[in-house]
$ cat target_8.tsv   # TSV, C-alpha atoms
chain	number	residue	atom	x	y	z
I	1	MET	CA	-11.82	-0.90	21.38
I	2	SER	CA	-10.63	1.90	19.13
I	3	ALA	CA	-7.88	1.80	16.53
I	4	SER	CA	-5.84	4.20	18.70
I	5	SER	CA	-5.69	1.54	21.42
I	6	PHE	CA	-4.12	-1.00	19.08
I	7	THR	CA	-0.55	-1.39	20.32
I	8	ALA	CA	2.36	-3.14	18.65
I	9	GLN	CA	1.86	-6.01	21.10
I	10	ASP	CA	-1.84	-6.25	20.22
I	11	ARG	CA	-0.97	-6.22	16.56
I	12	ASP	CA	1.64	-8.98	16.95
I	13	ARG	CA	-0.84	-11.13	18.88
I	14	VAL	CA	-3.49	-10.80	16.17
I	15	VAL	CA	-1.02	-11.38	13.33
I	16	ARG	CA	0.45	-14.50	14.96
I	17	ALA	CA	-3.00	-15.90	15.64
I	18	TYR	CA	-4.11	-15.19	12.07
I	19	TRP	CA	-1.17	-17.04	10.53
I	20	GLU	CA	-1.75	-19.92	12.95
I	21	THR	CA	-5.29	-20.33	11.57
I	22	ARG	CA	-3.81	-20.29	8.05
I	23	ARG	CA	-1.29	-22.99	8.99
I	24	GLU	CA	-3.93	-25.12	10.69
I	25	SER	CA	-6.32	-24.94	7.75
I	26	SER	CA	-3.57	-25.91	5.30
I	27	SER	CA	-2.30	-28.91	7.27
I	28	PRO	CA	-2.69	-32.36	5.67
I	29	SER	CA	-4.99	-33.50	8.46
I	30	PHE	CA	-7.33	-30.50	8.30
I	31	GLY	CA	-9.71	-32.24	5.92
I	32	GLU	CA	-10.06	-35.08	8.42
I	33	LYS	CA	-11.27	-32.76	11.16
I	34	SER	CA	-14.97	-32.44	11.91
I	35	ALA	CA	-17.05	-29.92	10.01
I	36	SER	CA	-17.61	-27.95	13.21
I	37	HIS	CA	-13.86	-27.81	13.88
I	38	ARG	CA	-13.13	-26.57	10.37
I	39	LYS	CA	-15.88	-23.97	10.64
I	40	GLY	CA	-14.43	-22.83	13.96
I	41	VAL	CA	-11.01	-22.28	12.36
I	42	TYR	CA	-12.46	-20.30	9.46
I	43	ASP	CA	-14.65	-18.25	11.80
I	44	ARG	CA	-11.65	-17.49	13.99
I	45	ARG	CA	-9.66	-16.37	10.93
I	46	SER	CA	-12.46	-14.03	9.88
I	47	GLU	CA	-12.70	-12.62	13.41
I	48	LEU	CA	-8.96	-11.94	13.50
I	49	LEU	CA	-8.99	-10.21	10.11
I	50	ASP	CA	-11.96	-8.13	11.19
I	51	GLU	CA	-10.19	-7.06	14.38
I	52	TYR	CA	-6.98	-6.32	12.48
I	53	GLY	CA	-8.74	-4.24	9.83
I	54	LYS	CA	-10.80	-2.25	12.33
I	55	ARG	CA	-8.03	-1.61	14.86
I	56	LEU	CA	-5.01	-1.03	12.63
I	57	PRO	CA	-4.38	2.70	13.10
I	58	ALA	CA	-4.43	5.40	10.45
I	59	ILE	CA	-1.10	7.20	10.56
I	60	PRO	CA	-0.10	10.61	9.15
I	61	VAL	CA	1.71	10.00	5.85
I	62	SER	CA	1.16	13.02	3.61
I	63	ARG	CA	-0.71	16.30	3.18
I	64	CYS	CA	-3.25	17.45	0.61
I	65	PRO	CA	-1.88	20.13	-1.72
I	66	PHE	CA	-5.39	21.54	-2.24
I	67	CYS	CA	-6.78	21.98	1.28
I	68	ASP	CA	-3.63	21.42	3.38
I	69	GLN	CA	-5.28	18.65	5.43
I	70	VAL	CA	-3.02	15.87	6.72
I	71	LEU	CA	-3.61	12.51	5.02
I	72	GLU	CA	-3.98	9.76	7.60
I	73	TYR	CA	-3.83	6.32	6.02
I	74	VAL	CA	-4.39	2.85	7.48
I	75	LEU	CA	-1.32	0.72	6.84
I	76	ASP	CA	0.79	-1.75	8.81
I	77	ALA	CA	4.05	0.06	9.47
I	78	TRP	CA	4.96	-2.51	12.14
I	79	GLY	CA	6.06	-5.24	9.76
I	80	LEU	CA	5.72	-7.03	6.44
I	81	ASP	CA	4.27	-10.09	8.16
I	82	GLY	CA	0.94	-8.28	8.58
I	83	PRO	CA	-2.04	-9.26	6.41
I	84	TRP	CA	-2.10	-5.66	5.11
I	85	TRP	CA	0.88	-6.56	2.91
I	86	HIS	CA	-0.87	-9.44	1.16
I	87	ILE	CA	-1.20	-8.78	-2.57
I	88	ARG	CA	-4.99	-8.72	-2.17
I	89	ALA	CA	-6.92	-6.90	0.52
I	90	LEU	CA	-7.69	-9.63	3.05
I	91	ALA	CA	-9.40	-7.25	5.46
I	92	SER	CA	-11.47	-4.10	5.10
I	93	TYR	CA	-9.80	-0.85	6.13
I	94	PRO	CA	-11.43	2.56	6.69
I	95	ARG	CA	-10.92	4.91	3.77
I	96	PRO	CA	-9.04	8.14	4.50
I	97	LYS	CA	-11.26	11.07	5.40
I	98	GLU	CA	-9.30	13.53	3.24
I	99	GLU	CA	-11.78	14.43	0.48
I	100	HIS	CA	-9.23	15.11	-2.26
I	101	PHE	CA	-7.22	11.91	-1.80
I	102	ARG	CA	-7.48	9.38	-4.65
I	103	VAL	CA	-4.86	6.60	-4.34
I	104	LEU	CA	-1.59	5.75	-2.59
I	105	GLN	CA	1.43	4.23	-4.31
I	106	GLY	CA	4.63	3.17	-2.59
I	107	ALA	CA	8.19	1.91	-2.75
I	108	ILE	CA	10.55	0.35	-0.20
I	109	ASP	CA	14.33	0.48	-0.07
I	110	PHE	CA	15.52	-2.51	1.96
I	111	HIS	CA	19.11	-1.20	1.86
I	112	GLY	CA	20.44	-4.63	0.91
I	113	ARG	CA	18.43	-6.50	3.54
I	114	GLU	CA	16.57	-9.74	2.77
I	115	PRO	CA	13.04	-9.24	4.22
I	116	ALA	CA	12.70	-12.75	5.63
I	117	GLU	CA	9.82	-11.75	7.94
I	118	ALA	CA	7.60	-11.55	4.84
I	119	SER	CA	8.00	-15.31	4.33
I	120	VAL	CA	4.59	-15.92	5.95
I	121	HIS	CA	3.15	-14.58	2.70
I	122	LYS	CA	3.47	-16.40	-0.58
I	123	THR	CA	4.13	-13.06	-2.31
I	124	VAL	CA	4.49	-9.41	-1.32
I	125	ARG	CA	4.80	-6.62	-3.88
I	126	PRO	CA	6.48	-3.68	-2.09
I	127	GLY	CA	7.11	-1.61	-5.22
I	128	PRO	CA	10.56	-0.44	-6.40
I	129	ALA	CA	13.22	0.96	-4.07
I	130	VAL	CA	12.84	4.61	-5.08
I	131	PRO	CA	9.83	6.88	-5.68
I	132	PHE	CA	8.11	6.96	-9.05
I	133	VAL	CA	5.03	8.49	-10.65
I	134	ILE	CA	2.38	7.07	-12.95
I	135	PRO	CA	2.08	9.45	-15.93
I	136	ARG	CA	-1.44	8.28	-16.82
I	137	LEU	CA	-2.70	9.29	-13.38
I	138	LEU	CA	-1.01	12.67	-13.60
I	139	GLY	CA	-2.77	13.15	-16.93
I	140	LEU	CA	-6.19	13.07	-15.22
I	141	PRO	CA	-7.88	16.45	-14.62
I	142	GLY	CA	-6.21	18.37	-11.81
I	143	MET	CA	-4.29	15.37	-10.47
I	144	ARG	CA	-1.30	16.09	-8.23
I	145	ALA	CA	1.10	13.78	-6.37
I	146	VAL	CA	2.96	14.30	-3.11
I	147	VAL	CA	6.05	12.21	-2.28
I	148	SER	CA	6.88	11.50	1.37
I	149	THR	CA	8.94	9.12	3.50
I	150	LEU	CA	8.08	6.59	6.19
I	151	SER	CA	10.62	4.72	8.32
I	152	LEU	CA	9.87	1.01	8.73
I	153	PRO	CA	11.33	-1.62	11.09
I	154	HIS	CA	14.73	-3.15	10.30
I	155	GLY	CA	15.94	0.19	8.91
I	156	ASP	CA	13.84	-0.01	5.73
I	157	THR	CA	12.75	3.23	4.06
I	158	ALA	CA	9.31	3.51	2.48
I	159	TYR	CA	8.54	6.20	-0.08
I	160	LEU	CA	4.87	7.08	-0.38
I	161	ILE	CA	3.32	8.74	-3.42
I	162	ALA	CA	-0.16	10.07	-2.62
I	163	TYR	CA	-2.39	11.27	-5.47
I	164	PHE	CA	-4.96	14.05	-5.00
I	165	SER	CA	-7.45	15.80	-7.27
I	166	PRO	CA	-9.80	18.75	-6.68
I	167	LEU	CA	-12.91	16.86	-7.83
I	168	PRO	CA	-14.11	13.27	-7.25
I	169	MET	CA	-13.15	10.71	-9.89
I	170	HIS	CA	-14.64	7.46	-11.11
I	171	GLY	CA	-12.60	4.63	-9.59
I	172	GLY	CA	-12.12	2.98	-12.95
I	173	LEU	CA	-9.79	5.83	-13.87
I	174	LEU	CA	-7.52	5.25	-10.90
I	175	HIS	CA	-5.13	2.40	-10.06
I	176	GLN	CA	-4.77	-0.45	-7.59
I	177	PRO	CA	-3.25	0.94	-4.38
I	178	TRP	CA	0.06	-0.09	-2.88
I	179	PRO	CA	0.77	-3.02	-2.41
I	180	TYR	CA	-2.18	-4.75	-4.12
I	181	VAL	CA	-2.48	-6.33	-7.57
I	182	ASP	CA	-6.13	-5.35	-8.07
I	183	TYR	CA	-8.74	-3.15	-6.41
I	184	SER	CA	-12.43	-2.53	-5.86
I	185	VAL	CA	-13.86	0.11	-8.18
I	186	THR	CA	-16.34	2.69	-6.92
I	187	ASP	CA	-18.02	5.55	-8.73
I	188	GLU	CA	-17.75	9.23	-7.82
I	189	ARG	CA	-20.26	8.73	-5.01
I	190	GLY	CA	-18.42	5.76	-3.53
I	191	GLU	CA	-20.83	3.12	-4.83
I	192	TYR	CA	-19.18	-0.25	-5.50
I	193	LEU	CA	-19.10	-1.28	-9.17
I	194	GLY	CA	-16.66	-4.21	-9.39
I	195	TRP	CA	-12.92	-4.71	-9.56
I	196	SER	CA	-10.09	-3.70	-11.86
I	197	ALA	CA	-6.31	-3.71	-12.28
I	198	HIS	CA	-3.93	-1.55	-14.30
I	199	ASN	CA	-0.52	-2.07	-15.86
I	200	ASP	CA	0.44	1.59	-16.23
I	201	THR	CA	4.01	2.61	-17.00
I	202	TRP	CA	6.14	4.23	-14.30
I	203	ASP	CA	8.39	7.28	-14.50
I	204	PHE	CA	11.34	7.60	-12.10
I	205	ASP	CA	12.41	10.97	-13.51
I	206	LEU	CA	10.62	13.28	-11.09
I	207	LYS	CA	12.29	16.50	-12.26
I	208	PRO	CA	9.91	17.51	-15.08
I	209	TRP	CA	6.88	16.69	-12.96
I	210	ILE	CA	8.21	18.81	-10.10
I	211	GLU	CA	9.05	21.64	-12.47
I	212	ASN	CA	5.55	21.73	-13.94
I	213	GLY	CA	4.00	21.68	-10.45
I	214	GLN	CA	2.25	18.32	-10.67
I	215	VAL	CA	4.54	16.61	-8.16
I	216	MET	CA	5.29	18.02	-4.74
I	217	TRP	CA	7.20	16.56	-1.83
I	218	ILE	CA	7.67	16.47	1.94
I	219	ASN	CA	11.14	16.53	3.46
I	220	PRO	CA	12.17	13.15	4.94
I	221	GLY	CA	11.69	13.22	8.70
I	222	ASP	CA	9.56	16.38	8.69
I	223	PRO	CA	7.01	15.87	11.52
I	224	THR	CA	4.92	18.78	10.22
I	225	LEU	CA	4.43	17.13	6.81
I	226	THR	CA	4.86	20.49	5.11
I	227	VAL	CA	4.36	20.27	1.34
I	228	GLN	CA	7.34	21.59	-0.63
I	229	ARG	CA	7.26	22.76	-4.23
I	230	GLY	CA	9.95	23.13	-6.86
I	231	LEU	CA	13.63	22.27	-6.95
I	232	PRO	CA	15.90	21.13	-5.40
I	233	CYS	CA	14.14	17.95	-4.24
I	234	PRO	CA	15.80	15.26	-2.06
I	235	TYR	CA	14.01	12.46	-3.90
I	236	MET	CA	15.64	13.12	-7.27
I	237	THR	CA	19.10	11.75	-6.43
I	238	LEU	CA	18.14	8.49	-4.73
I	239	VAL	CA	19.92	5.32	-5.82
I	240	GLY	CA	18.06	2.01	-5.76
I	241	VAL	CA	16.17	-0.64	-7.69
I	242	ARG	CA	14.04	0.96	-10.40
I	243	ALA	CA	11.82	-2.02	-11.11
I	244	PRO	CA	9.00	-3.79	-9.28
I	245	GLN	CA	10.32	-5.81	-6.36
I	246	SER	CA	8.71	-9.10	-5.39
I	247	ILE	CA	9.18	-10.95	-2.11
I	248	ASP	CA	8.40	-14.62	-2.63
I	249	ARG	CA	8.46	-16.65	0.59
I	250	GLY	CA	10.86	-14.08	2.01
I	251	LYS	CA	13.22	-14.00	-0.99
I	252	LEU	CA	13.61	-10.64	-2.74
I	253	SER	CA	13.75	-10.42	-6.53
I	254	THR	CA	12.73	-8.00	-9.30
I	255	LEU	CA	10.12	-8.15	-12.02
I	256	ASP	CA	9.77	-6.49	-15.41
I	257	LEU	CA	8.55	-2.92	-15.47
I	258	PRO	CA	4.87	-2.34	-16.32
I	259	THR	CA	4.41	-1.99	-20.06
I	260	GLY	CA	1.17	-0.05	-20.20
I	261	GLU	CA	-0.54	-2.91	-22.04
I	262	PRO	CA	-3.95	-3.96	-20.69
I	263	LEU	CA	-3.76	-6.84	-18.24
I	264	GLN	CA	-5.24	-10.19	-19.28
I	265	PRO	CA	-6.43	-11.62	-15.96
I	266	PHE	CA	-7.61	-14.94	-17.37
I	267	ASP	CA	-4.49	-15.83	-19.40
$ encode --input "target_8.tsv" --output "structure tokens"
Amino acid sequence: MSASSFTAQDRDRVVRAYWETRRESSSPSFGEKSASHRKGVYDRRSELLDEYGKRLPAIPVSRCPFCDQVLEYVLDAWGLDGPWWHIRALASYPRPKEEHFRVLQGAIDFHGREPAEASVHKTVRPGPAVPFVIPRLLGLPGMRAVVSTLSLPHGDTAYLIAYFSPLPMHGGLLHQPWPYVDYSVTDERGEYLGWSAHNDTWDFDLKPWIENGQVMWINPGDPTLTVQRGLPCPYMTLVGVRAPQSIDRGKLSTLDLPTGEPLQPFD
């Protein structure tokens, strides 16, 4: 079955079944089950993640400022209970076909709502509530960013920041994508090299970046995803949390802003 045939009902079925395998394998009696039973649960979990990753559709979210091709990106816009929102990539997802795309960042404004549906996860990192840019990324050769909007269930608003460059880049120069805390590093040819994570500072003042042409934007609700340049920009006057948000067992809180200091993963 193709990704395009993956309906909301299919998705809900797979997600519910996946979390059921997680609950079963974490129950106090799981260790008392037979080895074949435990293996069956783990195999079923892997099968569900594989189906989810392969069938979750790529949706139009942005447009390349270099070649004008629409960026279609695999993400779970149906709900924060999906495995896609886990802080580490639990499943494998097809990479976007757009050749100039480098990495996607994001933010979600919950408009005062408590995202209880995310309680199936221990932690979700949805980003701040308003768009931002990462100055280090924009300092890379030719890098440009395009800000766009995506409506989510429950009335939430997602802001997507897609980064593009005219030439391929070594993955070690990039950044973990939204909403993950680390990422797999590939070289310019797409060969896997290892993993990394960055703690780069954020900038919520989009005006100078728009004025110098490094940040572009798409009007909220524009079905044509037409890239706009220059001022005025609707994303400059947004009000919302300007710090990393964290959803822990469904409870929303904020974290300190990234400092730019190298992460110490083994501390």
$ residues_around --input "target_8.tsv" --residues "I:His198" --least-positions-apart "2" --cutoff "10 Å" --atoms "all atoms listed in the file" --output "ChimeraX atom specification"
/I:172-176,181-183,196,200-201,258,260-263
$ closest_residue --input "target_8.tsv" --among "I:Val227, I:Val146, I:Arg88, I:Ser165" --to "I:Ala197" --atoms "only C-alpha atoms"
I:Arg88
$ atom_distance --input "target_8.tsv" --atom1 "atom CA of I:Val130" --atom2 "atom CA of I:Ala58"
23.2 Å
$ atom_distance --input "target_8.tsv" --atom1 "atom CA of I:Pro126" --atom2 "atom CA of I:Ala162"
15.3 Å
$ closest_residue --input "target_8.tsv" --among "I:Pro208, I:Pro153, I:Pro223, I:Gly194" --to "I:Arg113" --atoms "all atoms listed in the file"
I:Pro153
$ atom_distance --input "target_8.tsv" --atom1 "atom CA of I:Leu206" --atom2 "atom CA of I:Gly171"
24.8 Å
$ closest_atom_pairs --input "target_8.tsv" --of "stretch 142-252 of chain I" --to "stretch 92-95 of chain I" --cutoff "12 Å" --atoms "all atoms listed in the file" --output "Markdown table"
| residue | atom | partner | partner_atom | distance |
| --- | --- | --- | --- | --- |
| I:Pro177 | CA | I:Arg95 | CA | 11.9 |
| I:Tyr183 | CA | I:Ser92 | CA | 11.9 |
| I:Ser184 | CA | I:Ser92 | CA | 11.1 |
| I:Gly190 | CA | I:Arg95 | CA | 10.5 |
$ residues_around --input "target_8.tsv" --residues "I:Pro128" --least-positions-apart "3" --cutoff "10 Å" --atoms "only C-alpha atoms" --output "MDAnalysis selection string"
chainID I and resid 106:110 125 131:132 158:159 204 240:246 254:255 257
$ write_last_selection --input "target_8.tsv" --atoms "C-alpha atoms" --output "PDB file, in the coordinates of the input"
ATOM      1  CA  GLY I 106       4.630   3.170  -2.590  1.00  0.00           C
ATOM      2  CA  ALA I 107       8.190   1.910  -2.750  1.00  0.00           C
ATOM      3  CA  ILE I 108      10.550   0.350  -0.200  1.00  0.00           C
ATOM      4  CA  ASP I 109      14.330   0.480  -0.070  1.00  0.00           C
ATOM      5  CA  PHE I 110      15.520  -2.510   1.960  1.00  0.00           C
ATOM      6  CA  ARG I 125       4.800  -6.620  -3.880  1.00  0.00           C
ATOM      7  CA  PRO I 131       9.830   6.880  -5.680  1.00  0.00           C
ATOM      8  CA  PHE I 132       8.110   6.960  -9.050  1.00  0.00           C
ATOM      9  CA  ALA I 158       9.310   3.510   2.480  1.00  0.00           C
ATOM     10  CA  TYR I 159       8.540   6.200  -0.080  1.00  0.00           C
ATOM     11  CA  PHE I 204      11.340   7.600 -12.100  1.00  0.00           C
ATOM     12  CA  GLY I 240      18.060   2.010  -5.760  1.00  0.00           C
ATOM     13  CA  VAL I 241      16.170  -0.640  -7.690  1.00  0.00           C
ATOM     14  CA  ARG I 242      14.040   0.960 -10.400  1.00  0.00           C
ATOM     15  CA  ALA I 243      11.820  -2.020 -11.110  1.00  0.00           C
ATOM     16  CA  PRO I 244       9.000  -3.790  -9.280  1.00  0.00           C
ATOM     17  CA  GLN I 245      10.320  -5.810  -6.360  1.00  0.00           C
ATOM     18  CA  SER I 246       8.710  -9.100  -5.390  1.00  0.00           C
ATOM     19  CA  THR I 254      12.730  -8.000  -9.300  1.00  0.00           C
ATOM     20  CA  LEU I 255      10.120  -8.150 -12.020  1.00  0.00           C
ATOM     21  CA  LEU I 257       8.550  -2.920 -15.470  1.00  0.00           C
TER      22      LEU I 257
END
$ closest_residue --input "target_8.tsv" --among "I:Lys207, I:Arg13, I:His100, I:Arg249" --to "I:Glu188" --atoms "all atoms listed in the file"
I:His100
$ closest_atom_pairs --input "target_8.tsv" --of "stretch 14-79 of chain I" --to "stretch 210-218 of chain I" --cutoff "9 Å" --atoms "only C-alpha atoms" --output "tab-separated table"
residue	atom	partner	partner_atom	distance
I:Ser62	CA	I:Ile218	CA	7.6
I:Arg63	CA	I:Ile218	CA	8.5
I:Pro65	CA	I:Met216	CA	8.1
$ axis_aligned_box --input "target_8.tsv" --around "stretch 44-50 of chain I" --padding-each-side "8 Å" --output "lines of an AutoDock Vina configuration file"
center_x = -10.8
center_y = -12.8
center_z = 11.9
size_x = 19.7
size_y = 25.4
size_z = 20.1
$ closest_residue --input "target_8.tsv" --among "I:Asp222, I:Asp81, I:Glu98, I:Glu191" --to "I:Asp12" --atoms "all atoms listed in the file"
I:Asp81
$ closest_residue --input "target_8.tsv" --among "I:Leu48, I:Val15, I:Ile134, I:Leu231" --to "I:Trp202" --atoms "all atoms listed in the file"
I:Ile134
$ closest_residue --input "target_8.tsv" --among "I:Lys33, I:Arg102, I:Lys97, I:His154" --to "I:Glu117" --atoms "only C-alpha atoms"
I:His154
$ residues_near_point --input "target_8.tsv" --point "(2.9, 2.8, 2.4)" --cutoff "9 Å" --atoms "all atoms listed in the file" --output "PyMOL selection string"
chain I and resi 61+73-77+104-108+126+149-150+158-161+178-179
$ build_atoms --input "target_8.tsv" --residues "stretch 21-51 of chain I" --atoms "N, CA and C atoms" --output "PDB file, in the coordinates of the input"
ATOM      1  N   THR I  21      -4.084 -19.771  12.187  1.00  0.00           N
ATOM      2  CA  THR I  21      -5.290 -20.330  11.570  1.00  0.00           C
ATOM      3  C   THR I  21      -5.024 -20.703  10.111  1.00  0.00           C
ATOM      4  N   ARG I  22      -4.166 -19.933   9.428  1.00  0.00           N
ATOM      5  CA  ARG I  22      -3.810 -20.290   8.050  1.00  0.00           C
ATOM      6  C   ARG I  22      -3.031 -21.607   8.021  1.00  0.00           C
ATOM      7  N   ARG I  23      -2.083 -21.745   8.948  1.00  0.00           N
ATOM      8  CA  ARG I  23      -1.290 -22.990   8.990  1.00  0.00           C
ATOM      9  C   ARG I  23      -2.173 -24.183   9.326  1.00  0.00           C
ATOM     10  N   GLU I  24      -3.074 -24.003  10.286  1.00  0.00           N
ATOM     11  CA  GLU I  24      -3.930 -25.120  10.690  1.00  0.00           C
ATOM     12  C   GLU I  24      -4.840 -25.550   9.548  1.00  0.00           C
ATOM     13  N   SER I  25      -5.379 -24.590   8.816  1.00  0.00           N
ATOM     14  CA  SER I  25      -6.320 -24.940   7.750  1.00  0.00           C
ATOM     15  C   SER I  25      -5.619 -25.484   6.512  1.00  0.00           C
ATOM     16  N   SER I  26      -4.295 -25.362   6.451  1.00  0.00           N
ATOM     17  CA  SER I  26      -3.570 -25.910   5.300  1.00  0.00           C
ATOM     18  C   SER I  26      -2.826 -27.199   5.652  1.00  0.00           C
ATOM     19  N   SER I  27      -2.994 -27.680   6.862  1.00  0.00           N
ATOM     20  CA  SER I  27      -2.300 -28.910   7.270  1.00  0.00           C
ATOM     21  C   SER I  27      -2.921 -30.116   6.581  1.00  0.00           C
ATOM     22  N   PRO I  28      -2.144 -31.168   6.358  1.00  0.00           N
ATOM     23  CA  PRO I  28      -2.690 -32.360   5.670  1.00  0.00           C
ATOM     24  C   PRO I  28      -3.872 -32.989   6.383  1.00  0.00           C
ATOM     25  N   SER I  29      -3.925 -32.840   7.702  1.00  0.00           N
ATOM     26  CA  SER I  29      -4.990 -33.500   8.460  1.00  0.00           C
ATOM     27  C   SER I  29      -6.242 -32.642   8.605  1.00  0.00           C
ATOM     28  N   PHE I  30      -6.198 -31.406   8.079  1.00  0.00           N
ATOM     29  CA  PHE I  30      -7.330 -30.500   8.300  1.00  0.00           C
ATOM     30  C   PHE I  30      -8.615 -31.066   7.712  1.00  0.00           C
ATOM     31  N   GLY I  31      -8.518 -31.684   6.548  1.00  0.00           N
ATOM     32  CA  GLY I  31      -9.710 -32.240   5.920  1.00  0.00           C
ATOM     33  C   GLY I  31     -10.322 -33.387   6.694  1.00  0.00           C
ATOM     34  N   GLU I  32      -9.545 -33.978   7.602  1.00  0.00           N
ATOM     35  CA  GLU I  32     -10.060 -35.080   8.420  1.00  0.00           C
ATOM     36  C   GLU I  32     -10.745 -34.595   9.682  1.00  0.00           C
ATOM     37  N   LYS I  33     -10.613 -33.305   9.978  1.00  0.00           N
ATOM     38  CA  LYS I  33     -11.270 -32.760  11.160  1.00  0.00           C
ATOM     39  C   LYS I  33     -12.770 -32.677  10.927  1.00  0.00           C
ATOM     40  N   SER I  34     -13.511 -32.539  12.023  1.00  0.00           N
ATOM     41  CA  SER I  34     -14.970 -32.440  11.910  1.00  0.00           C
ATOM     42  C   SER I  34     -15.359 -31.139  11.238  1.00  0.00           C
ATOM     43  N   ALA I  35     -16.557 -31.125  10.679  1.00  0.00           N
ATOM     44  CA  ALA I  35     -17.050 -29.920  10.010  1.00  0.00           C
ATOM     45  C   ALA I  35     -17.121 -28.756  10.991  1.00  0.00           C
ATOM     46  N   SER I  36     -17.508 -29.030  12.222  1.00  0.00           N
ATOM     47  CA  SER I  36     -17.610 -27.950  13.210  1.00  0.00           C
ATOM     48  C   SER I  36     -16.237 -27.399  13.561  1.00  0.00           C
ATOM     49  N   HIS I  37     -15.227 -28.271  13.594  1.00  0.00           N
ATOM     50  CA  HIS I  37     -13.860 -27.810  13.880  1.00  0.00           C
ATOM     51  C   HIS I  37     -13.358 -26.923  12.738  1.00  0.00           C
ATOM     52  N   ARG I  38     -13.582 -27.361  11.509  1.00  0.00           N
ATOM     53  CA  ARG I  38     -13.130 -26.570  10.370  1.00  0.00           C
ATOM     54  C   ARG I  38     -13.838 -25.219  10.335  1.00  0.00           C
ATOM     55  N   LYS I  39     -15.134 -25.228  10.614  1.00  0.00           N
ATOM     56  CA  LYS I  39     -15.880 -23.970  10.640  1.00  0.00           C
ATOM     57  C   LYS I  39     -15.334 -23.047  11.730  1.00  0.00           C
ATOM     58  N   GLY I  40     -14.971 -23.629  12.871  1.00  0.00           N
ATOM     59  CA  GLY I  40     -14.430 -22.830  13.960  1.00  0.00           C
ATOM     60  C   GLY I  40     -13.126 -22.148  13.566  1.00  0.00           C
ATOM     61  N   VAL I  41     -12.277 -22.860  12.816  1.00  0.00           N
ATOM     62  CA  VAL I  41     -11.010 -22.280  12.360  1.00  0.00           C
ATOM     63  C   VAL I  41     -11.265 -21.141  11.392  1.00  0.00           C
ATOM     64  N   TYR I  42     -12.160 -21.354  10.430  1.00  0.00           N
ATOM     65  CA  TYR I  42     -12.460 -20.300   9.460  1.00  0.00           C
ATOM     66  C   TYR I  42     -13.122 -19.097  10.127  1.00  0.00           C
ATOM     67  N   ASP I  43     -14.013 -19.358  11.082  1.00  0.00           N
ATOM     68  CA  ASP I  43     -14.650 -18.250  11.800  1.00  0.00           C
ATOM     69  C   ASP I  43     -13.623 -17.456  12.581  1.00  0.00           C
ATOM     70  N   ARG I  44     -12.688 -18.166  13.216  1.00  0.00           N
ATOM     71  CA  ARG I  44     -11.650 -17.490  13.990  1.00  0.00           C
ATOM     72  C   ARG I  44     -10.781 -16.639  13.064  1.00  0.00           C
ATOM     73  N   ARG I  45     -10.459 -17.138  11.895  1.00  0.00           N
ATOM     74  CA  ARG I  45      -9.660 -16.370  10.930  1.00  0.00           C
ATOM     75  C   ARG I  45     -10.393 -15.089  10.548  1.00  0.00           C
ATOM     76  N   SER I  46     -11.682 -15.208  10.260  1.00  0.00           N
ATOM     77  CA  SER I  46     -12.460 -14.030   9.880  1.00  0.00           C
ATOM     78  C   SER I  46     -12.517 -13.017  11.023  1.00  0.00           C
ATOM     79  N   GLU I  47     -12.662 -13.506  12.249  1.00  0.00           N
ATOM     80  CA  GLU I  47     -12.700 -12.620  13.410  1.00  0.00           C
ATOM     81  C   GLU I  47     -11.379 -11.866  13.567  1.00  0.00           C
ATOM     82  N   LEU I  48     -10.281 -12.564  13.359  1.00  0.00           N
ATOM     83  CA  LEU I  48      -8.960 -11.940  13.500  1.00  0.00           C
ATOM     84  C   LEU I  48      -8.737 -10.885  12.425  1.00  0.00           C
ATOM     85  N   LEU I  49      -9.131 -11.194  11.184  1.00  0.00           N
ATOM     86  CA  LEU I  49      -8.990 -10.210  10.110  1.00  0.00           C
ATOM     87  C   LEU I  49      -9.869  -8.992  10.358  1.00  0.00           C
ATOM     88  N   ASP I  50     -11.054  -9.234  10.888  1.00  0.00           N
ATOM     89  CA  ASP I  50     -11.960  -8.130  11.190  1.00  0.00           C
ATOM     90  C   ASP I  50     -11.368  -7.235  12.276  1.00  0.00           C
ATOM     91  N   GLU I  51     -10.815  -7.846  13.317  1.00  0.00           N
ATOM     92  CA  GLU I  51     -10.190  -7.060  14.380  1.00  0.00           C
ATOM     93  C   GLU I  51      -8.984  -6.289  13.838  1.00  0.00           C
TER      94      GLU I  51
END
